[in-house]
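Here is the file my_file.tsv (TSV, C-alpha atoms).
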chain	number	residue	atom	x	y	z
J	77	MET	CA	0.00	0.00	0.00
J	78	ARG	CA	2.80	2.39	0.90
J	79	ARG	CA	4.47	1.69	-2.48
J	80	ARG	CA	1.19	2.30	-4.32
J	81	THR	CA	0.62	5.56	-2.44
J	82	LEU	CA	4.11	6.79	-3.28
J	83	LEU	CA	3.58	6.01	-6.97
J	84	GLU	CA	0.27	7.91	-6.99
J	85	MET	CA	1.85	10.91	-5.26
J	86	SER	CA	4.70	10.93	-7.81
J	87	ALA	CA	2.23	10.86	-10.68
J	88	VAL	CA	0.25	13.76	-9.19
J	89	CYS	CA	3.43	15.81	-8.71
J	90	GLY	CA	4.44	15.07	-12.28
J	91	LEU	CA	1.07	16.25	-13.60
J	92	GLN	CA	1.25	19.40	-11.48
J	93	GLN	CA	4.73	20.21	-12.85
J	94	ALA	CA	3.61	19.59	-16.44
J	95	SER	CA	0.54	21.77	-15.89
J	96	ALA	CA	2.64	24.57	-14.40
J	97	PHE	CA	5.02	24.37	-17.35
J	98	ALA	CA	2.16	24.48	-19.86
J	99	GLN	CA	0.62	27.50	-18.15
J	100	ALA	CA	3.89	29.45	-17.90
J	101	PRO	CA	3.86	32.48	-20.24
J	102	LYS	CA	5.91	32.17	-23.41
J	103	LYS	CA	9.11	34.14	-23.43
J	104	ILE	CA	8.68	37.12	-25.74
J	105	ASP	CA	11.66	38.48	-27.63
J	106	THR	CA	12.05	42.08	-26.48
J	107	THR	CA	15.08	42.82	-28.66
J	108	PRO	CA	13.90	45.66	-30.91
J	109	LEU	CA	14.18	45.63	-34.68
J	110	ARG	CA	16.09	48.81	-35.54
J	111	ILE	CA	15.00	50.55	-38.75
J	112	GLY	CA	17.05	53.44	-40.16
J	113	LEU	CA	15.72	56.27	-42.29
J	114	THR	CA	16.47	59.84	-43.25
J	115	ALA	CA	14.11	62.70	-42.43
J	116	VAL	CA	10.41	62.01	-42.98
J	117	ILE	CA	8.45	64.91	-44.50
J	118	LEU	CA	6.07	65.52	-41.63
J	119	ALA	CA	5.52	68.32	-39.17
J	120	ASP	CA	4.93	65.80	-36.34
J	121	GLN	CA	7.78	63.46	-37.29
J	122	ALA	CA	8.53	62.20	-33.76
J	123	ALA	CA	4.88	61.51	-32.97
J	124	PHE	CA	4.32	59.82	-36.33
J	125	LEU	CA	7.35	57.54	-35.98
J	126	THR	CA	6.14	56.49	-32.54
J	127	ARG	CA	2.75	55.53	-33.96
J	128	TRP	CA	4.36	53.70	-36.87
J	129	SER	CA	6.81	51.78	-34.68
J	130	ASP	CA	3.96	50.74	-32.35
J	131	TYR	CA	1.94	49.55	-35.35
J	132	LEU	CA	4.79	47.50	-36.84
J	133	GLY	CA	5.83	46.08	-33.47
J	134	ALA	CA	2.31	44.84	-32.77
J	135	ARG	CA	2.22	43.01	-36.09
J	136	MET	CA	5.76	41.62	-36.03
J	137	GLY	CA	5.67	40.48	-32.43
J	138	VAL	CA	8.90	42.30	-31.64
J	139	PRO	CA	9.43	45.99	-30.81
J	140	ALA	CA	10.30	48.27	-33.74
J	141	VAL	CA	12.51	51.32	-33.27
J	142	PHE	CA	13.16	53.98	-35.91
J	143	VAL	CA	16.59	55.59	-36.07
J	144	ALA	CA	16.75	58.84	-38.09
J	145	ARG	CA	19.94	60.29	-39.50
J	146	GLU	CA	20.73	63.25	-41.74
J	147	SER	CA	22.33	61.37	-44.65
J	148	TYR	CA	22.12	58.07	-46.51
J	149	GLN	CA	25.80	57.46	-45.79
J	150	ALA	CA	25.19	57.70	-42.05
J	151	ILE	CA	22.35	55.18	-42.36
J	152	LEU	CA	24.49	52.81	-44.45
J	153	ASP	CA	27.35	53.03	-41.95
J	154	LEU	CA	24.99	51.99	-39.16
J	155	LEU	CA	23.49	49.18	-41.24
J	156	PHE	CA	26.83	47.69	-42.29
J	157	SER	CA	28.22	47.93	-38.75
J	158	ASP	CA	25.20	45.98	-37.43
J	159	GLN	CA	23.81	48.94	-35.51
J	160	LEU	CA	20.67	48.75	-37.66
J	161	ASP	CA	18.67	45.74	-38.82
J	162	ALA	CA	16.90	47.39	-41.76
J	163	ALA	CA	16.89	50.73	-43.53
J	164	TRP	CA	14.75	52.81	-45.87
J	165	ILE	CA	17.29	54.08	-48.38
J	166	CYS	CA	17.45	55.48	-51.91
J	167	GLY	CA	17.68	53.38	-55.06
J	168	TYR	CA	21.16	54.73	-55.84
J	169	PRO	CA	22.90	53.37	-52.69
J	170	TYR	CA	20.90	50.17	-53.19
J	171	VAL	CA	22.39	49.53	-56.64
J	172	MET	CA	25.84	50.53	-55.35
J	173	HIS	CA	25.67	47.85	-52.65
J	174	GLN	CA	23.23	45.43	-54.30
J	175	SER	CA	25.51	42.41	-53.74
J	176	GLN	CA	25.34	43.05	-49.98
J	177	LEU	CA	21.66	43.91	-49.59
J	178	GLN	CA	18.29	42.20	-49.66
J	179	LEU	CA	15.06	43.97	-50.55
J	180	LEU	CA	12.23	43.79	-48.00
J	181	ALA	CA	9.55	46.08	-49.46
J	182	THR	CA	9.04	48.89	-51.95
J	183	PRO	CA	6.61	51.75	-51.28
J	184	LEU	CA	3.75	52.53	-53.62
J	185	PHE	CA	3.19	56.15	-54.64
J	186	ASN	CA	-0.19	56.55	-56.34
J	187	ASP	CA	-0.37	52.74	-56.44
J	188	LYS	CA	2.91	52.38	-58.35
J	189	PRO	CA	6.48	51.60	-57.13
J	190	PHE	CA	7.87	54.60	-59.02
J	191	TYR	CA	8.64	58.29	-58.56
J	192	GLN	CA	10.25	61.11	-60.56
J	193	ALA	CA	13.11	63.50	-59.94
J	194	TYR	CA	12.26	67.21	-60.24
J	195	LEU	CA	14.30	70.29	-60.99
J	196	ILE	CA	12.64	73.15	-59.15
J	197	GLY	CA	13.09	76.92	-59.13
J	198	GLN	CA	11.59	79.93	-57.40
J	199	LYS	CA	8.14	80.93	-58.58
J	200	ASN	CA	9.28	84.50	-59.24
J	201	LEU	CA	12.48	83.57	-61.12
J	202	PRO	CA	13.11	85.15	-64.52
J	203	ALA	CA	11.48	83.33	-67.42
J	204	GLU	CA	14.86	82.41	-68.90
J	205	LEU	CA	15.42	79.76	-66.22
J	206	THR	CA	13.37	76.93	-67.66
J	207	GLY	CA	15.55	73.83	-67.34
J	208	TRP	CA	19.00	72.27	-67.08
J	209	GLY	CA	20.42	74.21	-70.00
J	210	ASP	CA	19.85	77.50	-68.17
J	211	LEU	CA	21.84	76.64	-65.03
J	212	LYS	CA	25.17	78.08	-66.15
J	213	HIS	CA	26.51	80.58	-63.58
J	214	ARG	CA	23.62	79.83	-61.22
J	215	VAL	CA	23.45	78.27	-57.75
J	216	LEU	CA	22.13	74.71	-57.58
J	217	ALA	CA	21.07	72.84	-54.42
J	218	TYR	CA	21.49	69.07	-54.24
J	219	SER	CA	19.87	66.86	-51.62
J	220	ASP	CA	22.38	64.14	-50.74
J	221	PRO	CA	25.47	62.73	-52.54
J	222	LEU	CA	23.82	59.27	-52.45
J	223	SER	CA	20.43	60.42	-53.70
J	224	ASN	CA	19.22	59.38	-57.13
J	225	SER	CA	16.83	62.31	-57.57
J	226	GLY	CA	18.86	64.72	-55.46
J	227	TRP	CA	22.25	64.22	-57.15
J	228	LEU	CA	22.65	61.35	-59.64
J	229	VAL	CA	19.94	62.44	-62.08
J	230	ALA	CA	21.36	65.97	-62.05
J	231	GLN	CA	24.82	64.75	-63.09
J	232	ALA	CA	23.35	62.90	-66.05
J	233	GLN	CA	21.15	65.82	-67.11
J	234	MET	CA	23.97	68.36	-66.95
J	235	ARG	CA	26.07	66.10	-69.15
J	236	THR	CA	23.19	65.88	-71.60
J	237	VAL	CA	23.07	69.68	-72.00
J	238	GLY	CA	26.86	70.07	-72.03
J	239	LEU	CA	27.33	71.50	-68.53
J	240	THR	CA	29.88	70.48	-65.92
J	241	PRO	CA	29.75	71.26	-62.20
J	242	LYS	CA	32.37	73.96	-62.85
J	243	ASP	CA	29.89	75.81	-65.06
J	244	LEU	CA	27.70	76.45	-62.02
J	245	ARG	CA	28.32	79.54	-59.93
J	246	ARG	CA	28.03	77.31	-56.90
J	247	SER	CA	26.43	74.08	-55.71
J	248	PHE	CA	25.86	72.64	-52.26
J	249	PHE	CA	24.19	69.75	-50.46
J	250	ALA	CA	21.16	70.74	-48.43
J	251	HIS	CA	21.02	67.30	-46.72
J	252	GLY	CA	17.38	66.52	-47.28
J	253	HIS	CA	14.79	67.08	-50.01
J	254	ARG	CA	12.70	69.36	-47.84
J	255	ASN	CA	15.83	71.42	-47.22
J	256	VAL	CA	16.34	71.71	-50.99
J	257	ALA	CA	12.87	73.20	-51.41
J	258	GLU	CA	13.47	75.62	-48.54
J	259	ALA	CA	16.87	76.65	-49.94
J	260	VAL	CA	15.30	77.47	-53.31
J	261	ALA	CA	12.28	79.19	-51.75
J	262	SER	CA	14.53	81.42	-49.61
J	263	GLY	CA	16.85	82.34	-52.49
J	264	LEU	CA	19.92	80.47	-51.20
J	265	ALA	CA	19.76	78.55	-54.47
J	266	GLN	CA	18.16	79.45	-57.78
J	267	ALA	CA	17.34	75.83	-58.58
J	268	GLY	CA	17.25	72.54	-56.74
J	269	CYS	CA	17.25	68.79	-57.37
J	270	ILE	CA	14.44	67.14	-55.43
J	271	ASP	CA	12.48	63.92	-55.12
J	272	GLY	CA	9.18	64.56	-56.89
J	273	TYR	CA	7.28	62.54	-54.30
J	274	VAL	CA	8.69	64.77	-51.56
J	275	TRP	CA	7.78	67.98	-53.39
J	276	GLU	CA	4.25	66.72	-54.11
J	277	THR	CA	3.84	65.66	-50.47
J	278	MET	CA	5.05	69.05	-49.21
J	279	HIS	CA	2.53	70.68	-51.55
J	280	LEU	CA	-0.24	68.39	-50.27
J	281	GLN	CA	0.66	69.26	-46.67
J	282	LYS	CA	0.61	72.97	-47.58
J	283	MET	CA	4.25	73.62	-46.71
J	284	GLN	CA	5.25	77.12	-47.78
J	285	ALA	CA	8.48	76.06	-49.51
J	286	ALA	CA	6.46	73.99	-52.00
J	287	PHE	CA	4.13	76.89	-52.78
J	288	GLN	CA	7.07	79.26	-53.23
J	289	THR	CA	8.73	76.99	-55.81
J	290	LYS	CA	7.75	75.56	-59.17
J	291	VAL	CA	8.69	72.47	-61.16
J	292	LEU	CA	10.96	73.26	-64.10
J	293	TRP	CA	11.57	69.69	-65.27
J	294	ARG	CA	10.47	66.12	-64.51
J	295	SER	CA	12.53	62.99	-65.08
J	296	ASP	CA	11.55	59.56	-66.30
J	297	TRP	CA	10.11	57.20	-63.69
J	298	TYR	CA	12.50	55.44	-61.31
J	299	ALA	CA	12.01	52.70	-58.72
J	300	PHE	CA	10.89	54.14	-55.39
J	301	PRO	CA	13.44	54.12	-52.52
J	302	PRO	CA	13.26	50.63	-50.97
J	303	VAL	CA	13.40	49.14	-47.49
J	304	VAL	CA	16.45	46.88	-47.28
J	305	ALA	CA	18.54	44.74	-44.92
J	306	LYS	CA	21.96	43.13	-45.12
J	307	LEU	CA	21.90	40.12	-47.42
J	308	LYS	CA	23.49	37.75	-44.89
J	309	ASP	CA	21.31	38.86	-41.99
J	310	LYS	CA	19.17	35.86	-40.99
J	311	ASN	CA	17.11	37.70	-38.37
J	312	PRO	CA	13.65	36.08	-38.70
J	313	SER	CA	11.99	39.38	-37.82
J	314	LEU	CA	13.11	40.86	-41.14
J	315	SER	CA	10.60	38.81	-43.13
J	316	GLY	CA	8.01	39.89	-40.58
J	317	LEU	CA	8.88	43.52	-41.24
J	318	GLY	CA	8.42	43.07	-44.98
J	319	GLU	CA	5.07	41.38	-44.46
J	320	ALA	CA	3.90	44.01	-41.94
J	321	LEU	CA	4.70	46.79	-44.40
J	322	GLN	CA	2.98	45.01	-47.27
J	323	ILE	CA	-0.32	44.56	-45.38
J	324	MET	CA	-0.52	48.14	-44.08
J	325	ALA	CA	-3.13	49.13	-46.65
J	326	SER	CA	-5.45	46.32	-45.52
J	327	ASP	CA	-6.46	47.83	-42.16
J	328	SER	CA	-7.62	51.26	-41.05
J	329	GLN	CA	-4.65	52.02	-38.78
J	330	GLY	CA	-2.13	51.09	-41.45
J	331	ALA	CA	-4.05	53.04	-44.08
J	332	SER	CA	-4.03	56.11	-41.83
J	333	LEU	CA	-0.25	55.89	-41.44
J	334	LEU	CA	0.17	55.49	-45.20
J	335	LYS	CA	-2.03	58.52	-45.82
J	336	ALA	CA	0.23	60.61	-43.57
J	337	LEU	CA	3.18	59.50	-45.72
J	338	ASN	CA	1.26	60.18	-48.95
J	339	LEU	CA	1.76	56.55	-49.94
J	340	THR	CA	-0.84	54.00	-51.00
J	341	GLY	CA	0.99	50.94	-49.71
J	342	PHE	CA	4.11	48.77	-49.86
J	343	THR	CA	4.63	45.91	-52.28
J	344	LYS	CA	6.90	42.91	-52.75
J	345	PRO	CA	10.23	44.19	-54.06
J	346	ASP	CA	11.55	43.55	-57.55
J	347	ALA	CA	15.28	44.09	-58.07
J	348	ALA	CA	14.78	44.47	-61.83
J	349	LEU	CA	13.00	47.80	-61.27
J	350	PHE	CA	16.30	49.33	-60.13
J	351	GLU	CA	18.21	48.54	-63.32
J	352	PRO	CA	17.58	52.01	-64.84
J	353	ILE	CA	19.22	53.61	-61.79
J	354	LYS	CA	22.19	51.27	-62.16
J	355	THR	CA	22.46	52.21	-65.84
J	356	LEU	CA	22.25	55.90	-64.97
J	357	ALA	CA	24.99	55.61	-62.35
J	358	ALA	CA	27.25	53.73	-64.76
J	359	SER	CA	26.71	56.39	-67.45
J	360	VAL	CA	28.24	59.10	-65.26
J	361	GLY	CA	30.92	56.89	-63.71
J	362	ALA	CA	29.17	56.85	-60.33
J	363	LEU	CA	28.65	53.11	-59.86
J	364	ARG	CA	31.29	52.55	-57.23
J	365	VAL	CA	30.92	49.50	-55.03

structure tokens encoding of this file:
Amino acid sequence: MRRRTLLEMSAVCGLQQASAFAQAPKKIDTTPLRIGLTAVILADQAAFLTRWSDYLGARMGVPAVFVARESYQAILDLLFSDQLDAAWICGYPYVMHQSQLQLLATPLFNDKPFYQAYLIGQKNLPAELTGWGDLKHRVLAYSDPLSNSGWLVAQAQMRTVGLTPKDLRRSFFAHGHRNVAEAVASGLAQAGCIDGYVWETMHLQKMQAAFQTKVLWRSDWYAFPPVVAKLKDKNPSLSGLGEALQIMASDSQGASLLKALNLTGFTKPDAALFEPIKTLAASVGALRV
């Protein structure tokens, strides 16, 4: 009897331990996924990024943290030194480092994964400034040395019209597309190279710099700046990030965030869309890897 009682007690203890184990909460990974980006064109940038990170974190199951920097180079440095897990960069640095990067998602602007580069000028500029051929002896504002619309396209267009950087009176980097518009609007530059999506978004949000400038020229369509990660990074949360971005348009909270960005969604990336940027960079000797 004593042996039977001991066996029964052992069985009960075993069941209690198994039950306690089954009821124990699952360990949740609290290591945040760090996402780098340059300045977002919003008046409430900090508040917006908090809402967006909360949204993505809830859908990925891991916290999301946005890290903003002034330049694409600063973002790339953080990404390649493993201080970031993912980054929203331009198509030009993507093609420069394509062998080291994986695409996670591409934004949709007006339902398409494309945008244009603009050359803008002041609204009250003389009529003779109508395009690239009229930039000789004038001041030109670039956005970023790793920007397709804010630098690369300009180099190709100036070559097309027979201008070199030395033909300009001066040029400078404004470090941000919004800054380009403000530099032109204030008269610091007579023309500026800007992402057309940014200019259109500034206009939609009634920012004065957009209303004080006008579009002098529009480029062909180029692949929209993508969200990327290091190719060899096997972090399972990266696929979750891509999926979370791609389903944003399917719920009201995601749609609201997209509306604030003036985007209609994110789509599965296609590396082939970036070939025209690669060709453009090669044509001006700017495809360094």

Quiz item: Closest to Leu160 (chain J) among J:Ser247, J:Asn311, J:Ser262, J:Thr277, using all atoms listed in the file?
Solution: J:Asn311

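Taking CA of Asn338 (chain J) and CA of Ala144 (chain J) as endpoints, the distance between them is 19.0 Å.
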
Need to verify the contact set: Leu339 (chain J), 8 Å, all atoms listed in the file, exclusion of same-chain residues closer than 6 positions in sequence. Can you return it as a short mmCIF file (atom, residue, chain, number, x, y, z; two decimals) with C-alpha atoms, in the frame of the given file?
data_model
loop_
_atom_site.label_atom_id
_atom_site.label_comp_id
_atom_site.auth_asym_id
_atom_site.auth_seq_id
_atom_site.Cartn_x
_atom_site.Cartn_y
_atom_site.Cartn_z
CA PRO J 183 6.61 51.75 -51.28
CA LEU J 184 3.75 52.53 -53.62
CA PHE J 185 3.19 56.15 -54.64
CA ASN J 186 -0.19 56.55 -56.34
CA ASP J 187 -0.37 52.74 -56.44
#

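The set of protein, DNA and RNA residues with any counted atom at most 12 Å from (2.5, 68.0, -53.6) (all atoms listed in the file) reads Ile117, Phe185, Tyr194, Arg254, Ala257, Asp271, Gly272, Tyr273, Val274, Trp275, Glu276, Thr277, Met278, His279, Leu280, Gln281, Lys282, Met283, Gln284, Ala285, Ala286, Phe287, Thr289, Lys290, Val291, Leu337 and Asn338 of chain J.
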
Exercise. Extract, using only C-alpha atoms, all DNA, RNA and protein residues at most 12 Å from Ala134 (chain J), discarding same-chain residues fewer than 3 positions from it, and format them as a list of chain:residue names.
Key: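 Everything that qualifies: J:Thr106, J:Pro108, J:Arg127, J:Trp128, J:Ser129, J:Asp130, J:Tyr131, J:Gly137, J:Val138, J:Pro139, J:Ala140, J:Gly316, J:Leu317, J:Ala320, J:Gln329, J:Gly330.
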
Selection above as a file: C-alpha atoms, as a PDB file, keeping the file's coordinate frame:
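And here is the file that came out, result.pdb:
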ATOM      1  CA  THR J 106      12.050  42.080 -26.480  1.00  0.00           C
ATOM      2  CA  PRO J 108      13.900  45.660 -30.910  1.00  0.00           C
ATOM      3  CA  ARG J 127       2.750  55.530 -33.960  1.00  0.00           C
ATOM      4  CA  TRP J 128       4.360  53.700 -36.870  1.00  0.00           C
ATOM      5  CA  SER J 129       6.810  51.780 -34.680  1.00  0.00           C
ATOM      6  CA  ASP J 130       3.960  50.740 -32.350  1.00  0.00           C
ATOM      7  CA  TYR J 131       1.940  49.550 -35.350  1.00  0.00           C
ATOM      8  CA  GLY J 137       5.670  40.480 -32.430  1.00  0.00           C
ATOM      9  CA  VAL J 138       8.900  42.300 -31.640  1.00  0.00           C
ATOM     10  CA  PRO J 139       9.430  45.990 -30.810  1.00  0.00           C
ATOM     11  CA  ALA J 140      10.300  48.270 -33.740  1.00  0.00           C
ATOM     12  CA  GLY J 316       8.010  39.890 -40.580  1.00  0.00           C
ATOM     13  CA  LEU J 317       8.880  43.520 -41.240  1.00  0.00           C
ATOM     14  CA  ALA J 320       3.900  44.010 -41.940  1.00  0.00           C
ATOM     15  CA  GLN J 329      -4.650  52.020 -38.780  1.00  0.00           C
ATOM     16  CA  GLY J 330      -2.130  51.090 -41.450  1.00  0.00           C
TER      17      GLY J 330
END

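Shell of Arg214 (chain J) at 10 Å, with only C-alpha atoms counted and residues fewer than 3 places along the chain excluded, is Leu205, Asp210, Leu211, Asp243, Leu244, Arg245, Arg246, Ser247, Ala265, Gln266 and Ala267 of chain J.
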
Practice problem: State, in Å with one decimal place, the distance from CA of Ile353 (chain J) to CA of Val237 (chain J). | Solution: 19.4 Å

Exercise. Grab the CA of Ser359 (chain J) to CA of Val256 (chain J) distance for me, in Å with one decimal place.
Key: 24.8 Å

Self-check item: Counting all atoms listed in the file, the residue of J:Leu180, J:Lys212, J:Leu195, J:Ile151 that sits nearest Lys242 (chain J)
Solution: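 Answer, going by the shortest atom-to-atom distance: J:Lys212.
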
Quiz prompt | Nearby residues (all atoms listed in the file) at most 9 Å from region 227-236 of chain J, same-chain spacing under 3 positions excluded, as a list in words | solution =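 Answer for this query is Tyr168, Ala193, Leu195, Trp208, Gly209, Leu211, Tyr218, Ser219, Asp220, Pro221, Leu222, Ser223, Asn224, Leu239, Thr240, Pro241, Phe249, Cys269, Ile270, Ser295, Ile353, Leu356, Ala357, Ser359, Val360 and Ala362 of chain J.
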
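Minimum atom-to-atom distances from J:Leu314, J:Leu179, J:Leu113, J:Leu264 to Leu132 (chain J) were compared using all atoms listed in the file, and the lowest value belongs to J:Leu314.
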
Quiz item: Given the choices J:Ala347, J:Ala358, J:Val171, J:Ile165, which gets closest to Val116 (chain J) if the distance is worked out from only C-alpha atoms?
Solution: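 Smallest separation from Val116 (chain J) among the options: J:Ile165.
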
Quiz item: Neighbours of Asp158 (chain J) within 12 Å (all atoms listed in the file; same-chain residues fewer than 2 positions away dropped), as a PyMOL selection string?
Solution: chain J and resi 109-112+151-156+160-163+305-306+308-309+311

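Between Leu307 (chain J) and the residues J:Ser175, J:Thr114, J:Gln322, J:Gln288, the shortest atom-to-atom distance, using all atoms listed in the file, involves J:Ser175.
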
Quick one: axis-aligned box around all listed atoms of region 308-311 of chain J, 3 Å on every side, centre and edge lengths in Å to one decimal, written as JSON.
{"center_x": 20.3, "center_y": 37.4, "center_z": -41.6, "size_x": 12.4, "size_y": 9.0, "size_z": 12.5}
